[in-house]
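Next comes protein-v5.cif, with mmCIF, C-alpha atoms.
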```
data_data
loop_
_atom_site.label_atom_id
_atom_site.label_comp_id
_atom_site.auth_asym_id
_atom_site.auth_seq_id
_atom_site.Cartn_x
_atom_site.Cartn_y
_atom_site.Cartn_z
CA MET P 1 75.94 36.63 101.89
CA PHE P 2 75.41 40.05 103.43
CA SER P 3 78.85 39.90 105.11
CA LYS P 4 80.53 39.04 101.82
CA ARG P 5 78.82 41.96 100.06
CA LEU P 6 79.83 44.31 102.87
CA ASN P 7 83.47 43.20 102.52
CA GLN P 8 83.33 43.85 98.79
CA ILE P 9 82.05 47.38 99.39
CA GLU P 10 84.74 48.06 102.01
CA ASN P 11 87.45 46.77 99.68
CA HIS P 12 86.13 48.93 96.85
CA ILE P 13 86.11 52.02 99.06
CA SER P 14 89.66 51.27 100.21
CA GLN P 15 90.84 50.90 96.63
CA MET P 16 89.20 54.17 95.61
CA ALA P 17 90.72 55.98 98.59
CA ALA P 18 94.16 54.66 97.69
CA LYS P 19 93.83 55.75 94.06
CA PRO P 20 95.59 59.10 93.46
CA SER P 21 93.58 62.06 92.18
CA THR P 22 93.72 62.78 88.49
CA PHE P 23 94.57 66.36 89.48
CA GLN P 24 97.17 65.71 92.17
CA GLU P 25 99.87 67.45 90.09
CA VAL P 26 97.92 70.69 89.93
CA PRO P 27 100.12 73.35 91.60
CA ARG P 28 98.61 75.31 94.44
CA ALA P 29 98.10 78.94 93.42
CA PRO P 30 99.25 81.70 95.77
CA PRO P 31 96.47 83.60 97.54
CA ASP P 32 95.29 86.88 96.05
CA VAL P 33 97.43 89.63 97.57
CA ILE P 34 94.65 92.08 98.39
CA PHE P 35 92.11 89.59 99.74
CA ASN P 36 94.81 87.84 101.75
CA LEU P 37 95.86 91.19 103.20
CA THR P 38 92.27 91.86 104.25
CA ALA P 39 92.00 88.42 105.88
CA THR P 40 95.19 89.07 107.85
CA TYR P 41 93.85 92.45 108.95
CA LYS P 42 90.58 90.92 110.15
CA ALA P 43 92.46 88.31 112.18
CA ASP P 44 94.54 91.00 113.91
CA THR P 45 93.20 91.89 117.37
CA PHE P 46 95.27 95.10 117.78
CA GLU P 47 92.98 97.99 118.72
CA LYS P 48 94.55 100.59 116.41
CA LYS P 49 94.92 98.37 113.34
CA VAL P 50 94.34 100.07 109.98
CA ASN P 51 93.42 98.49 106.64
CA LEU P 52 94.82 100.48 103.71
CA GLY P 53 94.72 97.59 101.26
CA VAL P 54 91.13 97.12 100.19
CA GLY P 55 89.89 99.03 97.13
CA ALA P 56 86.47 99.94 98.47
CA TYR P 57 85.13 103.22 99.82
CA ARG P 58 84.76 103.64 103.56
CA ASP P 59 83.19 106.52 105.49
CA ASP P 60 85.01 108.41 108.23
CA ASN P 61 84.08 105.67 110.69
CA GLY P 62 85.73 103.04 108.51
CA LYS P 63 82.36 101.56 107.51
CA PRO P 64 81.02 100.66 104.06
CA TRP P 65 78.74 103.40 102.74
CA VAL P 66 75.59 102.55 100.82
CA LEU P 67 74.88 105.61 98.71
CA PRO P 68 71.59 107.26 99.73
CA VAL P 69 70.55 107.45 96.08
CA VAL P 70 71.13 103.70 95.74
CA LYS P 71 68.87 103.03 98.74
CA LYS P 72 66.19 105.22 97.21
CA ALA P 73 66.45 103.52 93.80
CA GLU P 74 66.34 100.05 95.39
CA ARG P 75 63.15 100.89 97.26
CA GLU P 76 61.54 102.12 94.06
CA ILE P 77 62.57 98.98 92.18
CA ILE P 78 61.42 96.59 94.91
CA ASN P 79 58.04 98.34 95.23
CA ASP P 80 57.42 98.22 91.49
CA PRO P 81 54.41 95.89 91.03
CA GLU P 82 55.62 95.06 87.52
CA LEU P 83 59.02 93.78 88.76
CA ASP P 84 59.90 90.28 87.62
CA HIS P 85 62.97 88.08 87.56
CA GLU P 86 62.99 87.13 83.91
CA TYR P 87 66.22 86.90 81.91
CA LEU P 88 67.72 90.11 80.61
CA PRO P 89 68.72 90.19 76.93
CA ILE P 90 72.07 88.51 76.25
CA THR P 91 73.96 91.80 76.09
CA GLY P 92 72.04 93.31 78.96
CA LEU P 93 69.44 95.85 79.98
CA VAL P 94 68.97 98.23 77.06
CA SER P 95 68.28 101.34 79.17
CA PHE P 96 71.40 100.58 81.24
CA LYS P 97 73.61 100.26 78.15
CA GLU P 98 72.27 103.41 76.53
CA ALA P 99 72.79 105.41 79.71
CA SER P 100 76.30 103.99 80.17
CA ILE P 101 77.26 105.03 76.64
CA LYS P 102 76.02 108.58 77.23
CA LEU P 103 77.76 108.76 80.60
CA ILE P 104 81.21 107.91 79.26
CA LEU P 105 81.01 109.57 75.81
CA GLY P 106 78.70 112.49 76.56
CA ALA P 107 75.04 112.55 75.56
CA ASP P 108 75.65 114.72 72.47
CA ASN P 109 78.62 112.74 71.15
CA PRO P 110 78.40 112.48 67.32
CA ALA P 111 79.41 108.80 67.47
CA ILE P 112 76.13 108.04 69.28
CA LYS P 113 74.02 109.97 66.76
CA GLU P 114 75.81 108.18 63.92
CA LYS P 115 74.90 104.81 65.51
CA ARG P 116 78.47 103.56 65.53
CA VAL P 117 78.59 102.77 69.24
CA VAL P 118 77.54 99.44 70.75
CA ALA P 119 77.68 98.15 74.30
CA ALA P 120 77.28 95.01 76.37
CA GLN P 121 76.38 94.80 80.05
CA THR P 122 79.12 92.87 81.83
CA ILE P 123 80.08 91.37 85.17
CA SER P 124 81.45 94.69 86.45
CA GLY P 125 84.71 96.10 85.10
CA THR P 126 86.46 92.74 85.30
CA GLY P 127 83.88 91.22 83.00
CA ALA P 128 84.14 94.19 80.63
CA ASN P 129 87.91 93.72 80.43
CA HIS P 130 87.44 90.02 79.81
CA LEU P 131 84.77 90.37 77.12
CA GLY P 132 86.80 93.06 75.38
CA ALA P 133 89.94 90.93 75.52
CA LEU P 134 88.03 87.88 74.29
CA PHE P 135 86.55 89.81 71.36
CA LEU P 136 89.97 91.15 70.34
CA SER P 137 91.50 87.66 70.59
CA ARG P 138 88.99 86.50 67.99
CA PHE P 139 88.76 89.50 65.67
CA TYR P 140 91.82 91.74 66.03
CA ARG P 141 95.11 91.21 64.22
CA LYS P 142 96.60 87.84 65.04
CA GLY P 143 99.83 87.95 67.01
CA SER P 144 99.14 91.42 68.42
CA ILE P 145 100.68 92.30 71.76
CA VAL P 146 98.83 93.96 74.63
CA TYR P 147 100.78 96.69 76.42
CA VAL P 148 99.88 97.61 79.99
CA SER P 149 101.31 100.30 82.24
CA ASN P 150 104.08 99.45 84.68
CA PRO P 151 102.53 99.03 87.20
CA THR P 152 98.88 98.27 86.50
CA TRP P 153 95.86 96.65 88.16
CA ALA P 154 96.85 93.11 89.17
CA ASN P 155 94.04 91.55 87.11
CA HIS P 156 94.90 93.11 83.75
CA LYS P 157 97.65 90.72 82.68
CA PRO P 158 95.84 87.51 83.76
CA ILE P 159 92.70 88.60 81.91
CA PHE P 160 94.57 89.04 78.63
CA ASN P 161 96.85 86.05 79.16
CA ASN P 162 93.82 83.82 79.76
CA VAL P 163 92.53 84.52 76.24
CA GLY P 164 95.91 83.96 74.61
CA PHE P 165 97.46 87.42 74.42
CA GLU P 166 101.08 88.17 75.19
CA THR P 167 101.36 91.16 77.53
CA ARG P 168 104.24 93.58 77.88
CA ASP P 169 104.81 96.68 79.98
CA TYR P 170 105.07 100.26 78.87
CA ALA P 171 106.89 102.76 81.08
CA TYR P 172 104.53 104.74 83.31
CA TYR P 173 105.51 105.34 86.91
CA ASP P 174 108.74 107.08 87.84
CA PRO P 175 109.79 106.10 91.40
CA LYS P 176 112.29 108.97 91.51
CA THR P 177 109.61 111.64 91.09
CA ILE P 178 106.72 109.47 92.34
CA GLY P 179 104.96 110.73 89.24
CA LEU P 180 104.39 110.00 85.56
CA ASP P 181 107.31 109.08 83.34
CA ILE P 182 105.75 110.67 80.27
CA GLY P 183 108.98 110.50 78.27
CA GLY P 184 109.39 106.81 78.97
CA MET P 185 105.74 106.14 78.21
CA LEU P 186 105.89 107.88 74.84
CA ASP P 187 109.10 106.04 73.97
CA SER P 188 107.48 102.70 74.89
CA LEU P 189 104.49 103.41 72.66
CA GLU P 190 106.75 104.56 69.86
CA ASN P 191 108.79 101.37 70.05
CA ALA P 192 105.83 99.00 70.35
CA PRO P 193 105.01 97.04 67.16
CA GLU P 194 102.55 98.86 64.93
CA GLY P 195 98.93 98.09 65.72
CA SER P 196 99.55 96.98 69.30
CA ILE P 197 96.71 97.05 71.83
CA ILE P 198 97.39 99.68 74.48
CA LEU P 199 95.52 99.42 77.77
CA LEU P 200 94.97 102.88 79.22
CA HIS P 201 93.52 103.92 82.58
CA ALA P 202 90.94 106.59 81.78
CA CYS P 203 91.31 108.28 85.18
CA ALA P 204 92.54 107.56 88.72
CA HIS P 205 95.28 105.18 87.62
CA ASN P 206 95.33 101.98 89.68
CA PRO P 207 97.59 101.49 91.59
CA THR P 208 99.57 104.76 91.42
CA GLY P 209 96.94 107.51 91.42
CA VAL P 210 99.13 109.25 88.81
CA ASP P 211 97.23 110.51 85.74
CA PRO P 212 98.47 112.25 82.58
CA THR P 213 97.53 115.89 82.12
CA GLN P 214 95.33 116.82 79.17
CA GLU P 215 98.39 117.97 77.24
CA GLN P 216 100.11 114.66 77.98
CA TRP P 217 97.03 112.76 76.81
CA LYS P 218 97.25 114.65 73.51
CA ALA P 219 100.88 113.58 73.11
CA ILE P 220 99.89 109.97 73.90
CA ALA P 221 97.16 110.13 71.25
CA ASP P 222 99.64 111.54 68.72
CA VAL P 223 101.98 108.56 69.11
CA MET P 224 99.14 106.04 69.11
CA GLU P 225 97.68 107.52 65.95
CA LYS P 226 101.09 107.48 64.27
CA LYS P 227 101.69 103.83 65.22
CA ASN P 228 98.07 102.77 64.52
CA HIS P 229 97.73 101.38 68.04
CA PHE P 230 94.34 100.31 69.39
CA PRO P 231 93.18 102.08 72.61
CA PHE P 232 91.64 99.84 75.26
CA PHE P 233 90.38 102.10 78.05
CA ASP P 234 89.60 100.87 81.55
CA CYS P 235 87.40 103.34 83.42
CA ALA P 236 86.58 102.20 86.95
CA TYR P 237 86.39 105.58 88.67
CA GLN P 238 84.36 108.03 86.58
CA GLY P 239 83.03 110.69 88.96
CA PHE P 240 84.72 109.07 91.93
CA ALA P 241 88.19 110.32 90.94
CA SER P 242 87.62 114.07 90.85
CA GLY P 243 83.94 114.45 91.69
CA ASP P 244 83.40 115.63 88.09
CA LEU P 245 81.97 113.08 85.65
CA ASP P 246 83.00 115.03 82.55
CA ARG P 247 86.55 115.69 83.73
CA ASP P 248 87.09 112.00 84.48
CA ALA P 249 85.84 111.03 81.01
CA TRP P 250 87.96 113.62 79.17
CA ALA P 251 90.63 111.27 77.85
CA VAL P 252 88.12 108.79 76.39
CA ARG P 253 86.11 111.55 74.74
CA TYR P 254 89.26 113.14 73.32
CA PHE P 255 90.33 109.87 71.69
CA VAL P 256 86.85 109.46 70.18
CA GLU P 257 87.03 113.03 68.89
CA ARG P 258 90.37 112.20 67.29
CA GLY P 259 88.69 109.42 65.31
CA PHE P 260 90.03 106.34 67.09
CA GLU P 261 88.12 103.09 67.16
CA LEU P 262 88.31 101.97 70.78
CA LEU P 263 86.92 99.99 73.68
CA VAL P 264 85.94 101.36 77.08
CA CYS P 265 85.39 99.19 80.15
CA GLN P 266 83.09 100.78 82.74
CA SER P 267 82.58 99.67 86.32
CA TYR P 268 79.87 100.84 88.71
CA ALA P 269 81.51 99.25 91.75
CA LYS P 270 83.24 102.40 92.99
CA ASN P 271 81.06 105.26 91.76
CA PHE P 272 77.80 103.59 92.82
CA GLY P 273 79.18 101.51 95.69
CA LEU P 274 77.75 98.42 93.99
CA TYR P 275 80.77 96.23 94.70
CA GLY P 276 78.84 93.00 95.10
CA GLN P 277 76.26 93.61 92.37
CA ARG P 278 78.84 93.37 89.55
CA ALA P 279 77.37 96.03 87.27
CA GLY P 280 79.62 96.95 84.36
CA CYS P 281 79.54 97.84 80.70
CA LEU P 282 81.76 97.34 77.67
CA THR P 283 81.37 100.18 75.17
CA PHE P 284 82.79 99.86 71.66
CA VAL P 285 83.22 102.88 69.35
CA LEU P 286 83.50 101.87 65.68
CA ARG P 287 84.11 103.63 62.39
CA ASP P 288 80.62 103.13 60.95
CA SER P 289 77.15 101.86 61.86
CA GLU P 290 77.33 98.73 59.70
CA THR P 291 80.49 97.55 61.47
CA ALA P 292 78.84 98.40 64.79
CA LEU P 293 75.99 95.99 64.03
CA LYS P 294 78.46 93.21 63.19
CA VAL P 295 80.44 93.78 66.38
CA ASP P 296 77.25 93.85 68.44
CA SER P 297 76.25 90.44 67.04
CA GLN P 298 79.62 88.91 67.93
CA LEU P 299 79.60 90.36 71.45
CA ALA P 300 76.23 88.69 71.95
CA LYS P 301 77.55 85.39 70.64
CA LEU P 302 80.59 85.48 72.94
CA GLN P 303 78.55 86.50 75.96
CA ARG P 304 75.93 83.81 75.35
CA ALA P 305 78.60 81.09 75.51
CA GLU P 306 79.97 82.39 78.82
CA ILE P 307 77.24 83.79 81.05
CA SER P 308 74.11 83.61 78.83
CA ASN P 309 72.63 86.73 80.44
CA PRO P 310 74.00 89.32 82.88
CA PRO P 311 72.45 89.89 86.34
CA ALA P 312 69.61 92.37 86.62
CA HIS P 313 69.57 94.04 90.04
CA GLY P 314 72.67 96.24 89.87
CA ALA P 315 71.95 97.25 86.30
CA ARG P 316 68.40 98.25 87.22
CA ILE P 317 69.70 100.48 90.01
CA VAL P 318 72.22 102.19 87.74
CA SER P 319 69.73 102.55 84.91
CA LEU P 320 67.09 104.11 87.15
CA VAL P 321 69.52 106.64 88.59
CA LEU P 322 71.14 107.58 85.28
CA ASN P 323 67.78 108.01 83.53
CA ASP P 324 66.00 110.02 86.23
CA SER P 325 67.13 113.64 86.44
CA ALA P 326 66.38 114.06 90.16
CA LEU P 327 68.11 110.80 91.10
CA PHE P 328 71.02 111.64 88.80
CA ASP P 329 71.54 114.99 90.53
CA GLU P 330 71.47 113.26 93.91
CA TRP P 331 74.01 110.72 92.66
CA VAL P 332 76.35 113.52 91.62
CA GLU P 333 76.18 114.88 95.17
CA ASN P 334 76.89 111.40 96.57
CA LEU P 335 79.90 111.19 94.26
CA LYS P 336 81.19 114.50 95.56
CA THR P 337 80.79 113.26 99.13
CA MET P 338 83.05 110.28 98.40
CA SER P 339 85.54 112.11 96.20
CA PHE P 340 85.91 115.10 98.50
CA ARG P 341 86.44 112.89 101.56
CA ILE P 342 89.26 111.12 99.73
CA GLN P 343 90.76 114.49 98.76
CA GLU P 344 90.51 115.66 102.37
CA MET P 345 92.36 112.56 103.58
CA ARG P 346 95.11 113.30 101.07
CA ARG P 347 95.35 116.85 102.38
CA ARG P 348 95.44 115.76 106.03
CA LEU P 349 98.06 113.11 105.44
CA TYR P 350 100.23 115.61 103.60
CA VAL P 351 99.82 118.23 106.34
CA ASN P 352 100.68 115.72 109.07
CA LEU P 353 103.84 114.60 107.28
CA VAL P 354 104.93 118.20 106.72
CA GLU P 355 104.29 119.11 110.36
CA LEU P 356 106.32 116.08 111.46
CA GLU P 357 109.08 117.25 109.11
CA THR P 358 109.22 113.75 107.68
CA PRO P 359 112.29 113.46 105.43
CA GLY P 360 111.56 113.73 101.72
CA THR P 361 108.91 115.52 99.70
CA TRP P 362 105.28 114.54 100.06
CA ASN P 363 103.42 116.69 97.55
CA HIS P 364 102.76 113.56 95.50
CA ILE P 365 100.13 112.60 98.09
CA THR P 366 97.95 115.53 97.02
CA ASP P 367 99.06 115.53 93.38
CA GLN P 368 97.78 111.98 92.86
CA ILE P 369 94.07 111.32 92.32
CA GLY P 370 91.47 108.71 93.10
CA MET P 371 91.25 105.92 95.62
CA PHE P 372 94.89 104.84 95.62
CA SER P 373 98.19 106.50 96.34
CA PHE P 374 101.73 105.31 95.77
CA THR P 375 103.46 106.53 98.92
CA GLY P 376 107.01 105.84 97.82
CA LEU P 377 107.56 103.54 100.80
CA LYS P 378 109.94 100.64 100.19
CA PRO P 379 109.06 96.97 100.88
CA HIS P 380 111.20 96.79 104.03
CA GLN P 381 109.51 99.94 105.36
CA VAL P 382 106.09 98.47 104.63
CA LYS P 383 107.11 95.36 106.56
CA VAL P 384 107.95 97.46 109.64
CA ILE P 385 104.67 99.38 109.39
CA LYS P 386 102.72 96.13 109.26
CA GLU P 387 104.55 94.48 112.14
CA LYS P 388 105.03 97.47 114.44
CA TYR P 389 101.96 99.58 113.73
CA HIS P 390 99.50 96.96 112.42
CA VAL P 391 98.83 99.05 109.33
CA TYR P 392 98.07 96.85 106.32
CA LEU P 393 99.14 97.97 102.83
CA THR P 394 100.66 96.27 99.81
CA ASP P 395 104.41 95.70 99.67
CA ASN P 396 104.85 98.23 96.85
CA GLY P 397 103.72 101.03 99.14
CA ARG P 398 100.28 101.48 97.63
CA ILE P 399 97.58 102.62 100.03
CA SER P 400 93.83 102.95 99.67
CA MET P 401 93.04 106.50 100.76
CA ALA P 402 89.54 105.32 101.66
CA GLY P 403 91.05 103.43 104.61
CA LEU P 404 92.23 106.68 106.19
CA SER P 405 89.95 108.69 108.45
CA SER P 406 90.08 111.63 110.83
CA LYS P 407 90.64 109.03 113.57
CA ASN P 408 93.70 107.28 112.11
CA VAL P 409 95.41 109.61 109.63
CA GLU P 410 97.70 111.09 112.29
CA TYR P 411 98.59 107.59 113.54
CA PHE P 412 99.50 106.51 110.02
CA ALA P 413 101.53 109.67 109.40
CA LYS P 414 103.58 108.99 112.53
CA ALA P 415 104.16 105.41 111.38
CA VAL P 416 105.41 106.68 108.01
CA ASP P 417 107.61 109.24 109.73
CA ASP P 418 109.15 106.52 111.92
CA VAL P 419 110.02 104.13 109.09
CA VAL P 420 111.34 106.86 106.80
CA ARG P 421 113.61 108.21 109.55
CA ASN P 422 114.74 104.98 111.15
CA HIS P 423 114.54 102.48 108.29
CA PRO P 424 115.70 104.40 105.19
#
```

Would you write out, as structure tokens, the structure that this file holds?
Amino acid sequence: MFSKRLNQIENHISQMAAKPSTFQEVPRAPPDVIFNLTATYKADTFEKKVNLGVGAYRDDNGKPWVLPVVKKAEREIINDPELDHEYLPITGLVSFKEASIKLILGADNPAIKEKRVVAAQTISGTGANHLGALFLSRFYRKGSIVYVSNPTWANHKPIFNNVGFETRDYAYYDPKTIGLDIGGMLDSLENAPEGSIILLHACAHNPTGVDPTQEQWKAIADVMEKKNHFPFFDCAYQGFASGDLDRDAWAVRYFVERGFELLVCQSYAKNFGLYGQRAGCLTFVLRDSETALKVDSQLAKLQRAEISNPPAHGARIVSLVLNDSALFDEWVENLKTMSFRIQEMRRRLYVNLVELETPGTWNHITDQIGMFSFTGLKPHQVKVIKEKYHVYLTDNGRISMAGLSSKNVEYFAKAVDDVVRNHP
């Protein structure tokens, strides 16, 4: 009896093993370019290897840097006897949202006083982009097209595509000048269907590091106002880009001043170093306070169905720092430390290339801003740099300036000089 039952079980297991998976036709997705690049770098045993792919700040020793003000805030939070681990409200920590709004718009912005600004705490900037895209897919004009810069952050198109939007490119980067194609950009916006959604990088454009000037931003706003386009700002580098919080928020504040309704996605990954804490905010500027209340209710409804409540720890850190004057001042100094080191690496790379008399012009290295730089290197030159020098960067020639240090900037400059001279 027992033997018969055992045979039945074995036969059943064999039949189940032979049955094909319901999902066997699912295609295998390619690995993420940046994370795969980092994995390849880590597996490399070459002593002088350099990782210029990852979008995270590193100190001059190539190590992650926990901001001193973040350490101080964490200690204060952990030692708070009233600390609990209850759910946050659906749209997040109120003090965090209010501080985020003031940070991006300016504390004395009339839109805040008129109560026509609402916000939702999100899963970093990615979550802010997603929630904003999801909201627009439900409540903006049906059939609208989302325009993104060419190139843009690799996640932008998938985020919008995943909620049903068609995405198209607008002209942005000019490979001939390694700068902004402002004429092409304005033409693209002019030719886009009226009422299109235009995704704009508020500062430190990713991946090029090329930003419009204030005069160019005014021209962009002129065309968008004329065509009734909707501005969707992504701001991942406020304070990190230039070291000046107000300067990095200028474009957003200008559009608000012009009377646009708009969205702003904020991330605290870069400017607080809270990469793993996923602290972000989606800020929505509306025409009036009544509409703001309606939008706020729908953001809560959408968020409830996806994550229920956002995580608390990162938001508590940011909220404490932004709402305490002494900690805020210390944070500003921490921001300057990061921003100025990046600027110094730009300067050193430029100087090394000039001293080597590397063919071409290299002023774009110092003209660009933020974490990333488009070097102008071609894919076949990048391939040589990876294989010969063990320097890891994306095939389009984008480098993370944070990966350069006083110890490797000369080595990288010589690698660039070699491929430009010998592999044109």

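Here the PyMOL selection byres ((chain P and resi 348-350) around 9) captures the residues P:Gln343, P:Glu344, P:Met345, P:Arg346, P:Arg347, P:Val351, P:Asn352, P:Leu353, P:Val354, P:Glu355, P:Trp362, P:Asn363, P:His364, P:Ile365, P:Thr366, P:Leu404, P:Ser406, P:Val409, P:Glu410, P:Phe412, P:Ala413.
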
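Nearest residue to P:Ser319 among P:Lys383, P:Gly239, P:Asp187, P:Cys281 is P:Cys281, counting all atoms listed in the file.
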
Could you tell me how far atom CA of P:Ala292 sits from atom CA of P:Val94, in Å to one decimal place? 15.7 Å

For the file shown, report as a PyMOL selection string the outcome of the PyMOL selection byres ((chain P and resi 38) around 10) at residue level. chain P and resi 33-37+39-44+51-54+392-393

For this file, the PyMOL selection byres ((chain P and resi 162-166) around 7) selects which residues, as a PyMOL selection string? chain P and resi 133-134+137+145-146+158-161+167-168

What is the atom CA of P:Glu257 to atom CA of P:Leu199 distance in Å? 18.3 Å

Any idea what the distance is between atom CA of P:Phe233 and atom CA of P:Leu286? 14.2 Å

Compile a residue-level contact table for stretch 290-393 of chain P against stretch 65-80 of chain P at a cut-off of 12 Å, reporting for every qualifying residue the shortest atom pair and its distance in Å to one decimal, with all atoms listed in the file counted, rows ordered by chain and ascending number, as a tab-separated table.
```
residue	atom	partner	partner_atom	distance
P:Ala312	CA	P:Ile77	CA	11.1
P:His313	CA	P:Glu74	CA	8.7
P:Gly314	CA	P:Glu74	CA	9.2
P:Ala315	CA	P:Glu74	CA	11.0
P:Arg316	CA	P:Ile77	CA	7.7
P:Ile317	CA	P:Ala73	CA	5.8
P:Val318	CA	P:Val70	CA	8.2
P:Ser319	CA	P:Ala73	CA	9.5
P:Leu320	CA	P:Ala73	CA	6.7
P:Val321	CA	P:Ala73	CA	6.8
P:Leu322	CA	P:Ala73	CA	10.5
P:Asn323	CA	P:Ala73	CA	11.3
P:Asp324	CA	P:Ala73	CA	10.0
P:Ser325	CA	P:Val69	CA	12.0
P:Ala326	CA	P:Val69	CA	9.8
P:Leu327	CA	P:Val69	CA	6.5
P:Phe328	CA	P:Val69	CA	8.4
P:Asp329	CA	P:Val69	CA	9.4
P:Glu330	CA	P:Val69	CA	6.3
P:Trp331	CA	P:Val69	CA	5.9
P:Val332	CA	P:Val69	CA	9.5
P:Glu333	CA	P:Val69	CA	9.4
P:Asn334	CA	P:Leu67	CA	6.5
P:Leu335	CA	P:Leu67	CA	8.7
P:Lys336	CA	P:Leu67	CA	11.3
P:Thr337	CA	P:Leu67	CA	9.7
P:Met338	CA	P:Trp65	CA	9.2
```

Among listed residues P:Asn61, P:Thr213, P:Asn129, P:Gln266, nearest P:Leu105 (using only C-alpha atoms): P:Gln266

Considering all atoms listed in the file, state which residue in the set P:Ile342, P:Ala251, P:Ile123, P:Ala192 is at the smallest distance from P:Gln277. P:Ile123

Show me, as a compact mmCIF listing (two decimals) with C-alpha atoms, in the frame of the given file, the residues that have an atom within 12 Å of P:Glu306 when counting all atoms listed in the file, minus same-chain residues fewer than 6 positions from it.
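File selection-v4.txt, as written:
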```txt
# COMPACT_ATOMS: atom_id res chain seq x y z
CA ILE P 90 72.07 88.51 76.25
CA THR P 91 73.96 91.80 76.09
CA THR P 122 79.12 92.87 81.83
CA ILE P 123 80.08 91.37 85.17
CA GLY P 127 83.88 91.22 83.00
CA HIS P 130 87.44 90.02 79.81
CA LEU P 131 84.77 90.37 77.12
CA LEU P 134 88.03 87.88 74.29
CA LEU P 299 79.60 90.36 71.45
CA ALA P 300 76.23 88.69 71.95
```

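Taking only C-alpha atoms into account, those protein, DNA and RNA residues with any atom at most 8 Å away from (81.3, 96.5, 85.3) amount to Gln121, Thr122, Ile123, Ser124, Gly125, Thr126, Gly127, Ala128, Ala236, Cys265, Gln266, Ser267, Tyr268, Ala269, Arg278, Ala279, Gly280, Cys281 and Leu282 of chain P.
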
P:Phe23, P:Phe135, P:Phe284, P:Phe272: which is nearest P:Phe260, counting all atoms listed in the file? P:Phe284

From (96.4, 101.2, 67.7), in the file's coordinates, out to 8 Å: which residues are reached, counting all atoms listed in the file? Answer as an MDAnalysis selection string. chainID P and resid 194:198 224:225 227:231
